[in-house]
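Text of entry.cif, listed as mmCIF, C-alpha atoms:
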data_query
#
loop_
_atom_site.group_PDB
_atom_site.id
_atom_site.type_symbol
_atom_site.label_atom_id
_atom_site.label_comp_id
_atom_site.auth_asym_id
_atom_site.auth_seq_id
_atom_site.Cartn_x
_atom_site.Cartn_y
_atom_site.Cartn_z
ATOM 1 C CA MET S 119 -10.560 0.862 14.542
ATOM 2 C CA SER S 120 -9.089 1.816 11.173
ATOM 3 C CA GLU S 121 -11.337 2.113 8.135
ATOM 4 C CA LYS S 122 -11.106 -0.735 5.624
ATOM 5 C CA LYS S 123 -9.166 0.264 2.523
ATOM 6 C CA PRO S 124 -10.726 -0.259 -0.915
ATOM 7 C CA SER S 125 -9.746 -3.280 -2.989
ATOM 8 C CA PHE S 126 -8.588 -2.937 -6.612
ATOM 9 C CA SER S 127 -8.626 -5.062 -9.761
ATOM 10 C CA ILE S 128 -6.129 -3.775 -12.324
ATOM 11 C CA VAL S 129 -7.436 -4.757 -15.761
ATOM 12 C CA ILE S 130 -5.029 -4.779 -18.706
ATOM 13 C CA ALA S 131 -5.607 -5.781 -22.332
ATOM 14 C CA VAL S 132 -2.553 -6.794 -24.377
ATOM 15 C CA ARG S 133 -1.737 -7.866 -27.895
ATOM 16 C CA ASP S 134 1.811 -8.754 -28.922
ATOM 17 C CA GLN S 135 3.209 -6.771 -25.988
ATOM 18 C CA SER S 136 5.558 -9.317 -24.509
ATOM 19 C CA ASP S 137 8.308 -6.724 -24.030
ATOM 20 C CA ASP S 138 5.948 -4.359 -22.207
ATOM 21 C CA LEU S 139 4.707 -7.184 -19.975
ATOM 22 C CA LYS S 140 8.235 -8.206 -19.049
ATOM 23 C CA ALA S 141 9.236 -4.619 -18.351
ATOM 24 C CA ASN S 142 6.190 -3.399 -16.444
ATOM 25 C CA LEU S 143 4.071 -6.254 -15.079
ATOM 26 C CA PRO S 144 6.477 -6.870 -12.143
ATOM 27 C CA ALA S 145 5.934 -3.265 -10.976
ATOM 28 C CA LEU S 146 2.166 -3.778 -10.927
ATOM 29 C CA LEU S 147 2.404 -7.107 -9.123
ATOM 30 C CA GLY S 148 4.850 -5.573 -6.651
ATOM 31 C CA GLN S 149 2.503 -2.862 -5.371
ATOM 32 C CA LYS S 150 2.896 -2.087 -1.671
ATOM 33 C CA TYR S 151 -0.783 -2.646 -1.058
ATOM 34 C CA ASP S 152 -2.699 -5.486 0.536
ATOM 35 C CA SER S 153 -5.934 -5.899 -1.414
ATOM 36 C CA PHE S 154 -5.475 -6.036 -5.171
ATOM 37 C CA GLU S 155 -5.249 -8.310 -8.184
ATOM 38 C CA VAL S 156 -4.018 -7.920 -11.759
ATOM 39 C CA VAL S 157 -6.243 -9.250 -14.562
ATOM 40 C CA VAL S 158 -4.632 -9.514 -18.012
ATOM 41 C CA VAL S 159 -6.723 -10.248 -21.103
ATOM 42 C CA ASP S 160 -4.740 -11.409 -24.130
ATOM 43 C CA GLU S 161 -6.137 -10.288 -27.487
ATOM 44 C CA HIS S 162 -4.694 -13.248 -29.402
ATOM 45 C CA SER S 163 -1.015 -12.336 -29.178
ATOM 46 C CA THR S 164 1.360 -13.997 -31.630
ATOM 47 C CA ASP S 165 4.514 -13.374 -29.572
ATOM 48 C CA ASP S 166 5.461 -15.081 -26.289
ATOM 49 C CA SER S 167 3.028 -13.068 -24.150
ATOM 50 C CA SER S 168 0.990 -16.166 -23.305
ATOM 51 C CA ASP S 169 4.033 -18.135 -22.155
ATOM 52 C CA PHE S 170 5.254 -15.246 -20.022
ATOM 53 C CA LEU S 171 1.841 -14.841 -18.386
ATOM 54 C CA LYS S 172 1.702 -18.563 -17.565
ATOM 55 C CA GLN S 173 5.110 -18.293 -15.917
ATOM 56 C CA GLN S 174 4.093 -15.246 -13.900
ATOM 57 C CA LYS S 175 0.815 -16.857 -12.784
ATOM 58 C CA ALA S 176 2.753 -19.789 -11.388
ATOM 59 C CA GLU S 177 4.878 -17.399 -9.338
ATOM 60 C CA ASN S 178 2.282 -14.845 -8.204
ATOM 61 C CA ASP S 179 -1.249 -15.621 -7.049
ATOM 62 C CA ARG S 180 -2.313 -11.976 -7.533
ATOM 63 C CA LEU S 181 -2.215 -12.471 -11.306
ATOM 64 C CA TYR S 182 -5.111 -13.815 -13.342
ATOM 65 C CA SER S 183 -4.933 -14.053 -17.127
ATOM 66 C CA THR S 184 -7.451 -14.992 -19.775
ATOM 67 C CA PHE S 185 -8.042 -14.375 -23.475
ATOM 68 C CA ILE S 186 -10.694 -13.431 -26.021
ATOM 69 C CA PRO S 187 -12.362 -16.603 -27.362
ATOM 70 C CA THR S 188 -11.740 -17.022 -31.092
ATOM 71 C CA TYR S 189 -15.441 -17.159 -31.896
ATOM 72 C CA GLN S 190 -15.925 -13.771 -30.212
ATOM 73 C CA PHE S 191 -12.979 -12.104 -31.920
ATOM 74 C CA GLN S 192 -14.250 -8.940 -33.553
ATOM 75 C CA ARG S 193 -13.241 -5.494 -34.697
ATOM 76 C CA ASN S 194 -13.819 -3.817 -31.360
ATOM 77 C CA ARG S 195 -11.693 -6.343 -29.489
ATOM 78 C CA ARG S 196 -10.304 -3.855 -26.970
ATOM 79 C CA ARG S 197 -13.722 -3.094 -25.507
ATOM 80 C CA LEU S 198 -14.491 -6.832 -25.502
ATOM 81 C CA ALA S 199 -11.212 -7.533 -23.718
ATOM 82 C CA TYR S 200 -12.023 -5.007 -21.001
ATOM 83 C CA SER S 201 -15.507 -6.439 -20.620
ATOM 84 C CA ILE S 202 -14.026 -9.910 -20.091
ATOM 85 C CA GLY S 203 -11.568 -8.434 -17.605
ATOM 86 C CA VAL S 204 -14.345 -6.753 -15.645
ATOM 87 C CA LYS S 205 -16.299 -10.008 -15.431
ATOM 88 C CA ALA S 206 -13.214 -11.774 -14.092
ATOM 89 C CA SER S 207 -12.508 -9.086 -11.489
ATOM 90 C CA LYS S 208 -13.365 -9.625 -7.830
ATOM 91 C CA ASN S 209 -12.738 -6.294 -6.165
ATOM 92 C CA ASP S 210 -14.507 -3.023 -5.322
ATOM 93 C CA TRP S 211 -12.757 -0.829 -7.873
ATOM 94 C CA ILE S 212 -11.609 -1.506 -11.446
ATOM 95 C CA VAL S 213 -8.436 0.157 -12.717
ATOM 96 C CA PHE S 214 -8.034 0.187 -16.512
ATOM 97 C CA ALA S 215 -4.316 0.579 -17.135
ATOM 98 C CA ASP S 216 -1.913 0.447 -20.071
ATOM 99 C CA ILE S 217 0.940 -2.070 -19.767
ATOM 100 C CA ALA S 218 3.096 0.224 -21.924
ATOM 101 C CA THR S 219 3.142 2.783 -19.099
ATOM 102 C CA THR S 220 6.459 2.654 -17.273
ATOM 103 C CA SER S 221 5.726 5.115 -14.486
ATOM 104 C CA PHE S 222 3.800 3.034 -11.949
ATOM 105 C CA SER S 223 5.467 3.411 -8.568
ATOM 106 C CA GLU S 224 5.113 0.748 -5.881
ATOM 107 C CA GLN S 225 2.910 3.184 -3.932
ATOM 108 C CA TRP S 226 0.539 3.798 -6.845
ATOM 109 C CA LEU S 227 -2.444 1.897 -5.420
ATOM 110 C CA GLU S 228 -1.849 3.364 -1.985
ATOM 111 C CA GLU S 229 -2.213 6.821 -3.512
ATOM 112 C CA LEU S 230 -5.382 5.794 -5.338
ATOM 113 C CA SER S 231 -6.906 4.362 -2.171
ATOM 114 C CA GLU S 232 -7.127 7.831 -0.649
ATOM 115 C CA PHE S 233 -9.528 8.904 -3.408
ATOM 116 C CA ALA S 234 -11.405 5.665 -4.108
ATOM 117 C CA CYS S 235 -14.320 6.423 -1.842
ATOM 118 C CA GLN S 236 -17.737 8.029 -1.879
ATOM 119 C CA PRO S 237 -18.996 10.178 -3.459
ATOM 120 C CA TRP S 238 -16.642 9.495 -6.399
ATOM 121 C CA VAL S 239 -17.516 6.783 -8.905
ATOM 122 C CA LEU S 240 -14.812 7.552 -11.484
ATOM 123 C CA LEU S 241 -11.239 8.849 -11.433
ATOM 124 C CA LEU S 242 -9.141 9.823 -14.443
ATOM 125 C CA GLY S 243 -5.448 9.524 -13.626
ATOM 126 C CA TYR S 244 -2.461 11.369 -15.020
ATOM 127 C CA ILE S 245 1.150 10.376 -14.294
ATOM 128 C CA ASN S 246 4.020 12.860 -14.513
ATOM 129 C CA LYS S 247 6.562 10.958 -16.606
ATOM 130 C CA LYS S 248 9.503 12.759 -15.026
ATOM 131 C CA THR S 249 8.575 12.637 -11.345
ATOM 132 C CA GLY S 250 6.064 9.771 -11.249
ATOM 133 C CA ASP S 251 3.596 11.998 -9.384
ATOM 134 C CA VAL S 252 -0.056 11.060 -9.835
ATOM 135 C CA ARG S 253 -2.802 13.609 -10.464
ATOM 136 C CA LEU S 254 -6.434 12.556 -10.320
ATOM 137 C CA LYS S 255 -9.574 14.139 -11.662
ATOM 138 C CA THR S 256 -12.638 12.911 -9.772
ATOM 139 C CA TYR S 257 -16.222 12.482 -10.937
ATOM 140 C CA GLU S 258 -19.459 11.802 -9.099
ATOM 141 C CA ASP S 259 -21.214 11.186 -12.421
ATOM 142 C CA ILE S 260 -19.676 9.009 -15.159
ATOM 143 C CA GLU S 261 -21.514 10.909 -17.881
ATOM 144 C CA LYS S 262 -19.477 14.025 -17.090
ATOM 145 C CA ALA S 263 -16.299 12.192 -18.195
ATOM 146 C CA LYS S 264 -17.833 10.891 -21.418
ATOM 147 C CA GLN S 265 -16.502 13.641 -23.671
ATOM 148 C CA ILE S 266 -12.901 13.215 -22.530
ATOM 149 C CA ILE S 267 -13.007 9.425 -22.862
ATOM 150 C CA THR S 268 -14.707 9.295 -26.253
ATOM 151 C CA ARG S 269 -12.424 11.975 -27.662
ATOM 152 C CA ALA S 270 -9.296 10.120 -26.541
ATOM 153 C CA GLU S 271 -10.579 6.876 -28.050
ATOM 154 C CA ARG S 272 -11.459 8.548 -31.329
ATOM 155 C CA ARG S 273 -8.006 10.060 -31.581
ATOM 156 C CA ARG S 274 -6.454 6.664 -30.940
ATOM 157 C CA GLU S 275 -8.496 5.105 -33.743
ATOM 158 C CA ASN S 276 -7.886 7.942 -36.212
ATOM 159 C CA GLU S 277 -4.178 8.236 -35.546
ATOM 160 C CA GLY S 278 -3.509 4.512 -35.489
ATOM 161 C CA HIS S 279 -2.228 4.230 -31.923
ATOM 162 C CA SER S 280 -1.883 0.741 -30.519
ATOM 163 C CA SER S 281 -2.791 1.991 -27.061
ATOM 164 C CA TRP S 282 -6.087 3.548 -26.045
ATOM 165 C CA MET S 283 -4.284 5.712 -23.482
ATOM 166 C CA LEU S 284 -2.981 8.866 -25.140
ATOM 167 C CA HIS S 285 -0.719 11.440 -23.585
ATOM 168 C CA LEU S 286 -2.413 14.547 -24.899
ATOM 169 C CA GLN S 287 -2.826 17.911 -23.270
ATOM 170 C CA PRO S 288 -4.011 17.940 -19.628
ATOM 171 C CA ASP S 289 -7.723 17.390 -19.030
ATOM 172 C CA THR S 290 -8.299 15.925 -22.519
ATOM 173 C CA SER S 291 -6.848 12.490 -21.878
ATOM 174 C CA TYR S 292 -5.486 10.213 -19.131
ATOM 175 C CA ASP S 293 -3.020 7.446 -18.305
ATOM 176 C CA PHE S 294 -5.464 5.233 -16.433
ATOM 177 C CA ILE S 295 -9.096 5.077 -15.357
ATOM 178 C CA VAL S 296 -10.418 4.025 -11.953
ATOM 179 C CA VAL S 297 -14.111 3.169 -11.694
ATOM 180 C CA ARG S 298 -16.308 1.558 -9.081
ATOM 181 C CA ALA S 299 -16.945 -2.046 -10.097
ATOM 182 C CA ASP S 300 -20.710 -1.576 -10.181
ATOM 183 C CA HIS S 301 -20.265 1.215 -12.758
ATOM 184 C CA ALA S 302 -17.641 -0.465 -14.956
ATOM 185 C CA HIS S 303 -19.975 -1.735 -17.675
ATOM 186 C CA GLU S 304 -21.623 1.675 -17.836
ATOM 187 C CA LEU S 305 -18.187 3.154 -18.530
ATOM 188 C CA LEU S 306 -17.420 0.658 -21.300
ATOM 189 C CA ARG S 307 -20.298 2.062 -23.354
ATOM 190 C CA PHE S 308 -18.075 5.038 -24.131
ATOM 191 C CA PHE S 309 -15.624 2.887 -26.086
ATOM 192 C CA ILE S 310 -18.025 1.985 -28.890
ATOM 193 C CA VAL S 311 -16.781 4.329 -31.606
ATOM 194 C CA SER S 312 -16.213 4.047 -35.319
ATOM 195 C CA PRO S 313 -12.558 4.084 -36.456
ATOM 196 C CA LYS S 314 -13.617 6.403 -39.265
ATOM 197 C CA LEU S 315 -15.217 8.945 -36.936
ATOM 198 C CA GLN S 316 -13.263 12.188 -37.148
ATOM 199 C CA VAL S 317 -12.342 14.260 -34.117
ATOM 200 C CA PRO S 318 -14.052 17.662 -34.163
ATOM 201 C CA LYS S 319 -11.672 20.567 -34.626
ATOM 202 C CA GLU S 320 -11.018 22.514 -31.449
ATOM 203 C CA HIS S 321 -12.009 26.173 -31.510
#
Step by step, read the file and then write its structure as structure tokens.
Amino acid sequence: MSEKKPSFSIVIAVRDQSDDLKANLPALLGQKYDSFEVVVVDEHSTDDSSDFLKQQKAENDRLYSTFIPTYQFQRNRRRLAYSIGVKASKNDWIVFADIATTSFSEQWLEELSEFACQPWVLLLGYINKKTGDVRLKTYEDIEKAKQIITRAERRRENEGHSSWMLHLQPDTSYDFIVVRADHAHELLRFFIVSPKLQVPKEH
């Protein structure tokens, strides 16, 4: 009897990224994997993202989309969007991904499934933009990844990047994060940073 493979919820937050959705959402929905869903949280887009998501939902039952309620709209909307996405997710593992990434192969989740198991609770993923190869750094303790995650988020805020995924030097950033669902809200604590907080100089 074969061991049951882990199930994944891919959580994506978007704002005015209609072009990225049209270019890359089909690759995520077309994963050669049985147990997964894609959850998209719209941060009040002003382009045609909402219309495109409605069209895709009608054509693919793996897609779920929602949005940040106006009364909850706040400065730290990205963390709020991910929190909403986590609450909407149904599966064992949460994958925080960036819709602007164009390197997701159709075997991406299959590769992740080999590592999404005990004793790991968190994986930081790196994608080789030329070959599409995936490299994963595994953690048994979320706290051990805190420095990498908070540093990447601070750089994003300070440098004005629209995406929270930064392609920096190896082992100081990531292209996606995989976390066990029961640890997802613990992970989101790391994204509460001040936009004015400066990144310490590296020695």
Checklist entry - Which residues fall under the PyMOL selection byres ((chain S and resi 132-146) around 6) in this file, as a list in words? => result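 So the PyMOL selection byres ((chain S and resi 132-146) around 6) ends up selecting Ala131, Leu147, Gly148, Gln149, Asp160, Glu161, Ser163, Thr164, Asp165, Ser167 and Ala218 of chain S.
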Next on the checklist: For this structure, which residues satisfy the selection - the PyMOL selection byres ((chain S and resi 237) around 12) - when it is evaluated on the file as given? I want them as a ChimeraX atom specification.
Outcome noted: /S:233-236,238-241,256-260,297-298
Checklist entry - Just so the selection is clear, what residues does the PyMOL selection byres ((chain S and resi 224-228) around 12) cover here, as a ChimeraX atom specification? => result /S:123-128,142-156,211-213,215,220-223,229-234,243-245,250-254,294,296
Next on the checklist: Taking all atoms listed in the file into account, name the residue in S:Glu121, S:Asp300, S:Asp293, S:Asp166 that is nearest to Asn246 in chain S.
Outcome noted: S:Asp293
Item to check | Who sits within 9 Å of Phe308 in chain S, all atoms listed in the file, same chain under 5 positions skipped, as JSON, numbers by chain | outcome: {"S": [264, 265, 267, 268, 271]}
Checklist outcome for this item: From the list S:Asp216, S:Asp210, S:Asp179, S:Asp169, the nearest residue to Ile295 in chain S using only C-alpha atoms is S:Asp216
Next on the checklist: Please compute the CA of Gly203 in chain S-CA of Val159 in chain S distance, one decimal, in Å.
Outcome noted: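 Distance reported for this atom pair: 6.2 Å.
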Item to check | Point-to-point distance in Å for CA of Ile130 in chain S and CA of Ala199 in chain S | outcome: 8.4 Å
Item to check | Pick from S:Leu181, S:Ile266, S:Ile186, S:Leu242, whichever lies nearest to Ser207 in chain S using only C-alpha atoms | outcome: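 Among the listed residues, the smallest separation from Ser207 in chain S belongs to S:Leu181.
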Please return the centre and edge lengths, in Å to one decimal, of a box with edges along x, y and z that contains all listed atoms of range 136-147 of chain S, widened by 5 Å on every side, as JSON.
{"center_x": 5.7, "center_y": -6.3, "center_z": -16.8, "size_x": 17.1, "size_y": 16.1, "size_z": 25.4}
